[in-house]
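Participant: Provided herewith is a single structure, encoded as structure tokens, for subsequent inquiry.
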Amino acid sequence: MTDAECPECGAEVSLHDDLEVGEIIDCGTCGAELEVIAVDPPELDTAPELEEDWGE
Amino acid sequence: MAVGTDADAVLDHPAVDTEGRKLLTELVSIPSVSGDETEAAEALAAFFEAHDREVWLDDIGNVRAPGDDTVLLTSHIDTVPGDIPVEIKDGEEGPELWGRGSVDATGPLAAMAIAAVETGASFVGVVGEESTSRGAWHLIENREAPDAIINGEPSGWDGITLGYRGLLEGTYVATSESGHTSRPDPNAIQHAMSWWERVEDVFEPDEWIPVFEQVTTKPVEFEGGISVDGLSMESTMEFQLRVPPERTPEEVRELSDAELETGTVNWTEFIPAVMTSPRSEVARLFRVAIREQGGDPRLLRKTGTADMNIYAEEWGCPIVSYGPGDSNLDHTPHEHLPLSAFDHSVEVLIEVCEQLGVGENTTPTEQAQ
């Protein structure tokens with residue numbers, strides 16, 4: 001298991017071994033939803049927020 | 001700058017330089033208002049035939065091109081009415097195709113057709129999405145569920161739609177005895193207006209709650225006046241109620257029925273809301289594919305209703321909606337699609353299909369029920 005830094009609060013986020021790019025995980029410290037941008041080395045970014053739209 | 005309005009001239013435009021762009025332009029050039037989709041459906045079927053894919057128009061007019069059912073790519077052939085000249089214009093993102101359906105949803109439809117022949121994924125172009133969703137209902141009744149569905153609707157090439165509100169439709173009817181308009185007794189028109197006001201009060205908008213999470217009310221047609229024989233006053237109102245995932249259509253119907261004092265309501269449409277997780281495997285693969293194309297993925301939930309609601313309710317398999325185009329342009333006179341966005345969406349769809357495993361099975365797997 002490896003760690004990566006939460007881009008929201010700076011805390012260390014524990015990552016599981018079979019992490020996949022695009023996966024959304026939670027920061028255990030601030031609760032932010034984070035998206036895995038890369039796995040080697042691991043890189044996290046704030047996950048996209050849900051936007052409201054209209055149609056169809 | 002417009003360079004031509006004739007369909008052939010548009011097809012000859014230098015920007016229409018890929019098979020995908022040609023298919024898109026051809027399909028947008030063919031009027032395909034709900035109920036009159038046959039010519040566009042035949043053109044779409046011809047595209048699949050040219051790529052040696054099994055294809056047919058089913059009993060209701062859907063274009064069925066079975067393939068690897070790991071993924072079913074499906075969008076709608078029909079558009080709303082409105083004659084927008086088909087032409088290529090220069091836009092901020094390069095050449096744009098203008099025309100009815102370029103966004104909703106011929107753009108997504110054409111992108112999916114290209115991705116389907118490229119990867120071997122199953123494909124269906126359905127009819128009637130803009131009216132009664134008869135194509136989607138027919139599909140549900142005559143086909144087994146695929147492993148996953150990508151439903152073609154405009155989300156922008158860099159976005160995916162995870163949810164839609166449900167839809168409840170009905171017709172209110174009231175009659176009252178005709179009489180002089182100076183009398184104080186409420187007539188049928190007043191009964192209709194009174195009931196509708198009470199329904200609006202029940203579902204009063206809350207500015208602090210997202211629209212997606214609220215019931216919204218909308219009358220769509222009203223007729224009222226003296227009957228043909230002159231003996232009664234009549235009122236008829238057709239209306240729609242949009243239903244959030246937190247409520248069922250049945251619950252909203254019961255709350256509306258509880259406000260009835262005079263008149264009756266004939267409920268005609270019950271479509272539940274759908275909301276899928278951004279953590280699903282399909283959603284994950286879309287984010288990856290969008291980033292690979294240089295995009296910043298967006299996650300959407302829409303306040304309208306689409307065939308996705310029906311597939312999610314009836315089939316229950318993993319599903320998202322995706323397709324190029326700005327849905328702010330849906331049904332407007334300004335409907336147009338940047339061709340670069342179309343190209344990106346094709347690449348995203350191909351990547352997602354391949355990552356989901358399309359192509360690992362080589363035999364058609366669509367099963368008629």
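Identifiers in the structure tokens: chain A, B, ... in order shown; residue index from 1 per chain; ligand index from 1 in order shown.
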Can I get the residues of chain B within 7 Å of chain A, each with the closest pair of atoms and their distance in Å to one decimal, using only C-alpha atoms, sorted chain first then ascending number, as a Markdown table?

Facilitator:
| residue | atom | partner | partner_atom | distance |
| --- | --- | --- | --- | --- |
| B:Arg279 | CA | A:Ile24 | CA | 6.0 |
| B:Arg284 | CA | A:Gly22 | CA | 5.0 |
| B:Leu285 | CA | A:Gly22 | CA | 6.8 |
| B:Arg287 | CA | A:Gly22 | CA | 5.9 |
| B:Val288 | CA | A:Gly22 | CA | 5.4 |
| B:Pro297 | CA | A:Pro48 | CA | 6.8 |
| B:Arg298 | CA | A:Pro48 | CA | 6.0 |
| B:Leu299 | CA | A:Leu50 | CA | 5.0 |
| B:Leu300 | CA | A:Glu51 | CA | 4.8 |
| B:Arg301 | CA | A:Glu52 | CA | 5.2 |
| B:Lys302 | CA | A:Asp53 | CA | 4.7 |
| B:Thr303 | CA | A:Trp54 | CA | 4.8 |
| B:Gly304 | CA | A:Gly55 | CA | 4.8 |
| B:Thr305 | CA | A:Glu56 | CA | 5.9 |
| B:Ala306 | CA | A:Glu56 | CA | 5.8 |
| B:Ser327 | CA | A:Gly55 | CA | 6.4 |
| B:Asp330 | CA | A:Gly55 | CA | 7.0 |

Participant: Residues of chain A classed as strand (DSSP E) by DSSP on the backbone are to be reported as a PyMOL selection string.

Facilitator: chain A and resi 2-5+12-15+24-26+33-39+42-46+50-53

Participant: Report, in Å with one decimal, the straight-line distance from atom CA of B:Phe123 to atom CA of B:Glu96.

Facilitator: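 According to the coordinates, atom CA of B:Phe123 and atom CA of B:Glu96 are separated by 25.8 Å.
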
Participant: Run DSSP on the backbone of this structure and report the residues of stretch 69-135 of chain B it assigns to alpha helix (DSSP H), as a list in words.

Facilitator: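 DSSP on the backbone gives alpha helix (DSSP H) at Thr106, Gly107, Pro108, Leu109, Ala110, Ala111, Met112, Ala113, Ile114, Ala115, Ala116, Val117, Glu118, Thr119, Arg134 and Gly135 of chain B.
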
Participant: I need the chosen residues saved as a PDB file, in the first residue's frame, with N, CA and C atoms.

Facilitator:
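Final file, part_5.pdb:
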ATOM      1  N   THR B 106     -28.440  13.596 -33.436  1.00  0.00           N
ATOM      2  CA  THR B 106     -27.795  12.961 -34.591  1.00  0.00           C
ATOM      3  C   THR B 106     -26.280  12.949 -34.435  1.00  0.00           C
ATOM      4  N   GLY B 107     -25.727  13.954 -33.739  1.00  0.00           N
ATOM      5  CA  GLY B 107     -24.294  13.944 -33.473  1.00  0.00           C
ATOM      6  C   GLY B 107     -23.890  12.710 -32.666  1.00  0.00           C
ATOM      7  N   PRO B 108     -24.508  12.499 -31.491  1.00  0.00           N
ATOM      8  CA  PRO B 108     -24.228  11.272 -30.739  1.00  0.00           C
ATOM      9  C   PRO B 108     -24.532   9.996 -31.541  1.00  0.00           C
ATOM     10  N   LEU B 109     -25.621  10.013 -32.309  1.00  0.00           N
ATOM     11  CA  LEU B 109     -26.008   8.838 -33.105  1.00  0.00           C
ATOM     12  C   LEU B 109     -24.907   8.476 -34.110  1.00  0.00           C
ATOM     13  N   ALA B 110     -24.421   9.463 -34.846  1.00  0.00           N
ATOM     14  CA  ALA B 110     -23.394   9.203 -35.861  1.00  0.00           C
ATOM     15  C   ALA B 110     -22.078   8.779 -35.203  1.00  0.00           C
ATOM     16  N   ALA B 111     -21.732   9.414 -34.093  1.00  0.00           N
ATOM     17  CA  ALA B 111     -20.495   9.037 -33.389  1.00  0.00           C
ATOM     18  C   ALA B 111     -20.569   7.583 -32.939  1.00  0.00           C
ATOM     19  N   MET B 112     -21.735   7.168 -32.475  1.00  0.00           N
ATOM     20  CA  MET B 112     -21.898   5.791 -32.017  1.00  0.00           C
ATOM     21  C   MET B 112     -21.863   4.809 -33.184  1.00  0.00           C
ATOM     22  N   ALA B 113     -22.417   5.199 -34.323  1.00  0.00           N
ATOM     23  CA  ALA B 113     -22.371   4.314 -35.488  1.00  0.00           C
ATOM     24  C   ALA B 113     -20.920   4.070 -35.910  1.00  0.00           C
ATOM     25  N   ILE B 114     -20.126   5.124 -35.904  1.00  0.00           N
ATOM     26  CA  ILE B 114     -18.711   4.976 -36.259  1.00  0.00           C
ATOM     27  C   ILE B 114     -18.004   4.077 -35.240  1.00  0.00           C
ATOM     28  N   ALA B 115     -18.242   4.328 -33.961  1.00  0.00           N
ATOM     29  CA  ALA B 115     -17.594   3.522 -32.913  1.00  0.00           C
ATOM     30  C   ALA B 115     -18.043   2.067 -32.991  1.00  0.00           C
ATOM     31  N   ALA B 116     -19.305   1.848 -33.367  1.00  0.00           N
ATOM     32  CA  ALA B 116     -19.820   0.474 -33.448  1.00  0.00           C
ATOM     33  C   ALA B 116     -19.139  -0.309 -34.571  1.00  0.00           C
ATOM     34  N   VAL B 117     -18.955   0.302 -35.738  1.00  0.00           N
ATOM     35  CA  VAL B 117     -18.301  -0.441 -36.827  1.00  0.00           C
ATOM     36  C   VAL B 117     -16.800  -0.572 -36.564  1.00  0.00           C
ATOM     37  N   GLU B 118     -16.252   0.358 -35.821  1.00  0.00           N
ATOM     38  CA  GLU B 118     -14.817   0.301 -35.505  1.00  0.00           C
ATOM     39  C   GLU B 118     -14.511  -0.797 -34.489  1.00  0.00           C
ATOM     40  N   THR B 119     -15.407  -0.974 -33.509  1.00  0.00           N
ATOM     41  CA  THR B 119     -15.122  -1.907 -32.417  1.00  0.00           C
ATOM     42  C   THR B 119     -15.910  -3.207 -32.501  1.00  0.00           C
ATOM     43  N   ARG B 134     -41.289   5.370 -28.194  1.00  0.00           N
ATOM     44  CA  ARG B 134     -41.826   4.078 -28.649  1.00  0.00           C
ATOM     45  C   ARG B 134     -40.718   3.139 -29.124  1.00  0.00           C
ATOM     46  N   GLY B 135     -39.641   3.703 -29.670  1.00  0.00           N
ATOM     47  CA  GLY B 135     -38.537   2.861 -30.117  1.00  0.00           C
ATOM     48  C   GLY B 135     -37.849   2.176 -28.952  1.00  0.00           C
TER      49      GLY B 135
END

Participant: Report as a PDB file with N, CA and C atoms, in the first residue's frame all protein, DNA and RNA residues lying within 10 Å of stretch 178-195 of chain B, evaluated on only C-alpha atoms, omitting residues in the same chain fewer than 3 positions from it.

Facilitator:
ATOM      1  N   TYR B 172     -55.925  16.454 -17.256  1.00  0.00           N
ATOM      2  CA  TYR B 172     -57.020  16.807 -16.340  1.00  0.00           C
ATOM      3  C   TYR B 172     -58.241  17.177 -17.174  1.00  0.00           C
ATOM      4  N   VAL B 173     -59.408  16.666 -16.783  1.00  0.00           N
ATOM      5  CA  VAL B 173     -60.644  16.969 -17.499  1.00  0.00           C
ATOM      6  C   VAL B 173     -61.732  17.326 -16.481  1.00  0.00           C
ATOM      7  N   ALA B 174     -62.440  18.408 -16.759  1.00  0.00           N
ATOM      8  CA  ALA B 174     -63.578  18.777 -15.904  1.00  0.00           C
ATOM      9  C   ALA B 174     -64.717  19.312 -16.764  1.00  0.00           C
ATOM     10  N   THR B 175     -65.911  19.141 -16.265  1.00  0.00           N
ATOM     11  CA  THR B 175     -67.077  19.739 -16.926  1.00  0.00           C
ATOM     12  C   THR B 175     -67.938  20.404 -15.859  1.00  0.00           C
ATOM     13  N   ARG B 198     -53.246  24.273  -6.649  1.00  0.00           N
ATOM     14  CA  ARG B 198     -52.977  23.472  -5.442  1.00  0.00           C
ATOM     15  C   ARG B 198     -51.810  22.512  -5.681  1.00  0.00           C
ATOM     16  N   VAL B 199     -51.765  21.935  -6.883  1.00  0.00           N
ATOM     17  CA  VAL B 199     -50.643  21.047  -7.193  1.00  0.00           C
ATOM     18  C   VAL B 199     -49.324  21.840  -7.167  1.00  0.00           C
ATOM     19  N   GLU B 200     -49.341  23.027  -7.719  1.00  0.00           N
ATOM     20  CA  GLU B 200     -48.127  23.855  -7.704  1.00  0.00           C
ATOM     21  C   GLU B 200     -47.728  24.203  -6.275  1.00  0.00           C
ATOM     22  N   ASP B 201     -48.710  24.394  -5.409  1.00  0.00           N
ATOM     23  CA  ASP B 201     -48.388  24.689  -4.002  1.00  0.00           C
ATOM     24  C   ASP B 201     -47.731  23.476  -3.335  1.00  0.00           C
ATOM     25  N   PHE B 222     -53.784  23.504 -22.990  1.00  0.00           N
ATOM     26  CA  PHE B 222     -55.036  23.779 -22.284  1.00  0.00           C
ATOM     27  C   PHE B 222     -56.132  24.125 -23.297  1.00  0.00           C
ATOM     28  N   GLU B 223     -57.298  23.519 -23.112  1.00  0.00           N
ATOM     29  CA  GLU B 223     -58.476  23.869 -23.910  1.00  0.00           C
ATOM     30  C   GLU B 223     -59.645  24.049 -22.951  1.00  0.00           C
ATOM     31  N   GLY B 224     -60.476  25.028 -23.221  1.00  0.00           N
ATOM     32  CA  GLY B 224     -61.631  25.221 -22.358  1.00  0.00           C
ATOM     33  C   GLY B 224     -62.682  26.078 -23.035  1.00  0.00           C
ATOM     34  N   GLY B 225     -63.945  25.882 -22.617  1.00  0.00           N
ATOM     35  CA  GLY B 225     -65.026  26.692 -23.165  1.00  0.00           C
ATOM     36  C   GLY B 225     -66.326  25.915 -23.198  1.00  0.00           C
ATOM     37  N   ILE B 226     -67.283  26.502 -23.870  1.00  0.00           N
ATOM     38  CA  ILE B 226     -68.613  25.893 -23.983  1.00  0.00           C
ATOM     39  C   ILE B 226     -68.544  24.653 -24.876  1.00  0.00           C
ATOM     40  N   SER B 227     -69.248  23.597 -24.479  1.00  0.00           N
ATOM     41  CA  SER B 227     -69.283  22.371 -25.273  1.00  0.00           C
ATOM     42  C   SER B 227     -70.017  22.604 -26.591  1.00  0.00           C
ATOM     43  N   GLY B 230     -73.576  23.233 -26.317  1.00  0.00           N
ATOM     44  CA  GLY B 230     -73.905  24.453 -25.584  1.00  0.00           C
ATOM     45  C   GLY B 230     -74.448  24.239 -24.191  1.00  0.00           C
ATOM     46  N   LEU B 231     -74.486  22.997 -23.717  1.00  0.00           N
ATOM     47  CA  LEU B 231     -75.117  22.719 -22.427  1.00  0.00           C
ATOM     48  C   LEU B 231     -74.133  22.641 -21.269  1.00  0.00           C
ATOM     49  N   SER B 232     -72.864  22.603 -21.566  1.00  0.00           N
ATOM     50  CA  SER B 232     -71.887  22.505 -20.476  1.00  0.00           C
ATOM     51  C   SER B 232     -70.617  23.273 -20.820  1.00  0.00           C
ATOM     52  N   MET B 233     -69.852  23.520 -19.771  1.00  0.00           N
ATOM     53  CA  MET B 233     -68.530  24.136 -19.911  1.00  0.00           C
ATOM     54  C   MET B 233     -67.504  23.020 -19.699  1.00  0.00           C
ATOM     55  N   GLU B 234     -66.456  22.995 -20.528  1.00  0.00           N
ATOM     56  CA  GLU B 234     -65.452  21.931 -20.437  1.00  0.00           C
ATOM     57  C   GLU B 234     -64.060  22.532 -20.292  1.00  0.00           C
ATOM     58  N   SER B 235     -63.189  21.788 -19.643  1.00  0.00           N
ATOM     59  CA  SER B 235     -61.773  22.180 -19.624  1.00  0.00           C
ATOM     60  C   SER B 235     -60.907  20.921 -19.702  1.00  0.00           C
ATOM     61  N   THR B 236     -59.846  21.018 -20.470  1.00  0.00           N
ATOM     62  CA  THR B 236     -58.888  19.910 -20.610  1.00  0.00           C
ATOM     63  C   THR B 236     -57.483  20.494 -20.523  1.00  0.00           C
ATOM     64  N   MET B 237     -56.680  19.934 -19.640  1.00  0.00           N
ATOM     65  CA  MET B 237     -55.313  20.424 -19.485  1.00  0.00           C
ATOM     66  C   MET B 237     -54.337  19.243 -19.481  1.00  0.00           C
ATOM     67  N   SER B 256     -50.773  14.505  -6.065  1.00  0.00           N
ATOM     68  CA  SER B 256     -51.544  15.342  -6.998  1.00  0.00           C
ATOM     69  C   SER B 256     -53.016  14.963  -6.971  1.00  0.00           C
ATOM     70  N   ASP B 257     -53.286  13.667  -6.955  1.00  0.00           N
ATOM     71  CA  ASP B 257     -54.676  13.199  -6.895  1.00  0.00           C
ATOM     72  C   ASP B 257     -55.374  13.677  -5.622  1.00  0.00           C
ATOM     73  N   ALA B 258     -54.597  13.779  -4.538  1.00  0.00           N
ATOM     74  CA  ALA B 258     -55.185  14.186  -3.257  1.00  0.00           C
ATOM     75  C   ALA B 258     -55.723  15.610  -3.308  1.00  0.00           C
ATOM     76  N   GLU B 259     -55.287  16.398  -4.259  1.00  0.00           N
ATOM     77  CA  GLU B 259     -55.747  17.787  -4.385  1.00  0.00           C
ATOM     78  C   GLU B 259     -56.993  17.918  -5.266  1.00  0.00           C
ATOM     79  N   LEU B 260     -57.432  16.775  -5.862  1.00  0.00           N
ATOM     80  CA  LEU B 260     -58.596  16.825  -6.745  1.00  0.00           C
ATOM     81  C   LEU B 260     -59.873  17.045  -5.940  1.00  0.00           C
ATOM     82  N   GLU B 261     -60.655  18.027  -6.355  1.00  0.00           N
ATOM     83  CA  GLU B 261     -61.976  18.230  -5.762  1.00  0.00           C
ATOM     84  C   GLU B 261     -63.052  18.034  -6.816  1.00  0.00           C
ATOM     85  N   THR B 262     -62.765  18.528  -8.007  1.00  0.00           N
ATOM     86  CA  THR B 262     -63.673  18.378  -9.139  1.00  0.00           C
ATOM     87  C   THR B 262     -62.855  17.987 -10.350  1.00  0.00           C
ATOM     88  N   GLY B 263     -63.449  17.149 -11.189  1.00  0.00           N
ATOM     89  CA  GLY B 263     -62.729  16.730 -12.388  1.00  0.00           C
ATOM     90  C   GLY B 263     -61.963  15.437 -12.150  1.00  0.00           C
ATOM     91  N   THR B 264     -61.345  14.953 -13.210  1.00  0.00           N
ATOM     92  CA  THR B 264     -60.579  13.702 -13.127  1.00  0.00           C
ATOM     93  C   THR B 264     -59.232  13.896 -13.833  1.00  0.00           C
TER      94      THR B 264
END

Participant: Would you mind listing what lies within 7 Å of stretch 59-74 of chain B as number ranges by chain, with only C-alpha atoms counted and same-chain residues fewer than 6 positions away left out?

Facilitator: B: 38, 41, 45, 53, 112, 120-127, 135, 146-152, 353, 357-359, 361-366

Participant: Just to confirm, what's the straight-line distance from atom CA of B:Val33 to atom CA of B:Ile84 in Å (one decimal)?

Facilitator: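 About the pair atom CA of B:Val33 and atom CA of B:Ile84: they are 12.5 Å apart.
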
Participant: For atom CA of B:Trp267 and atom CA of B:Val202, determine how far apart the two atoms are, in Å to one decimal place.

Facilitator: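 Pair atom CA of B:Trp267 / atom CA of B:Val202 returns 17.9 Å.
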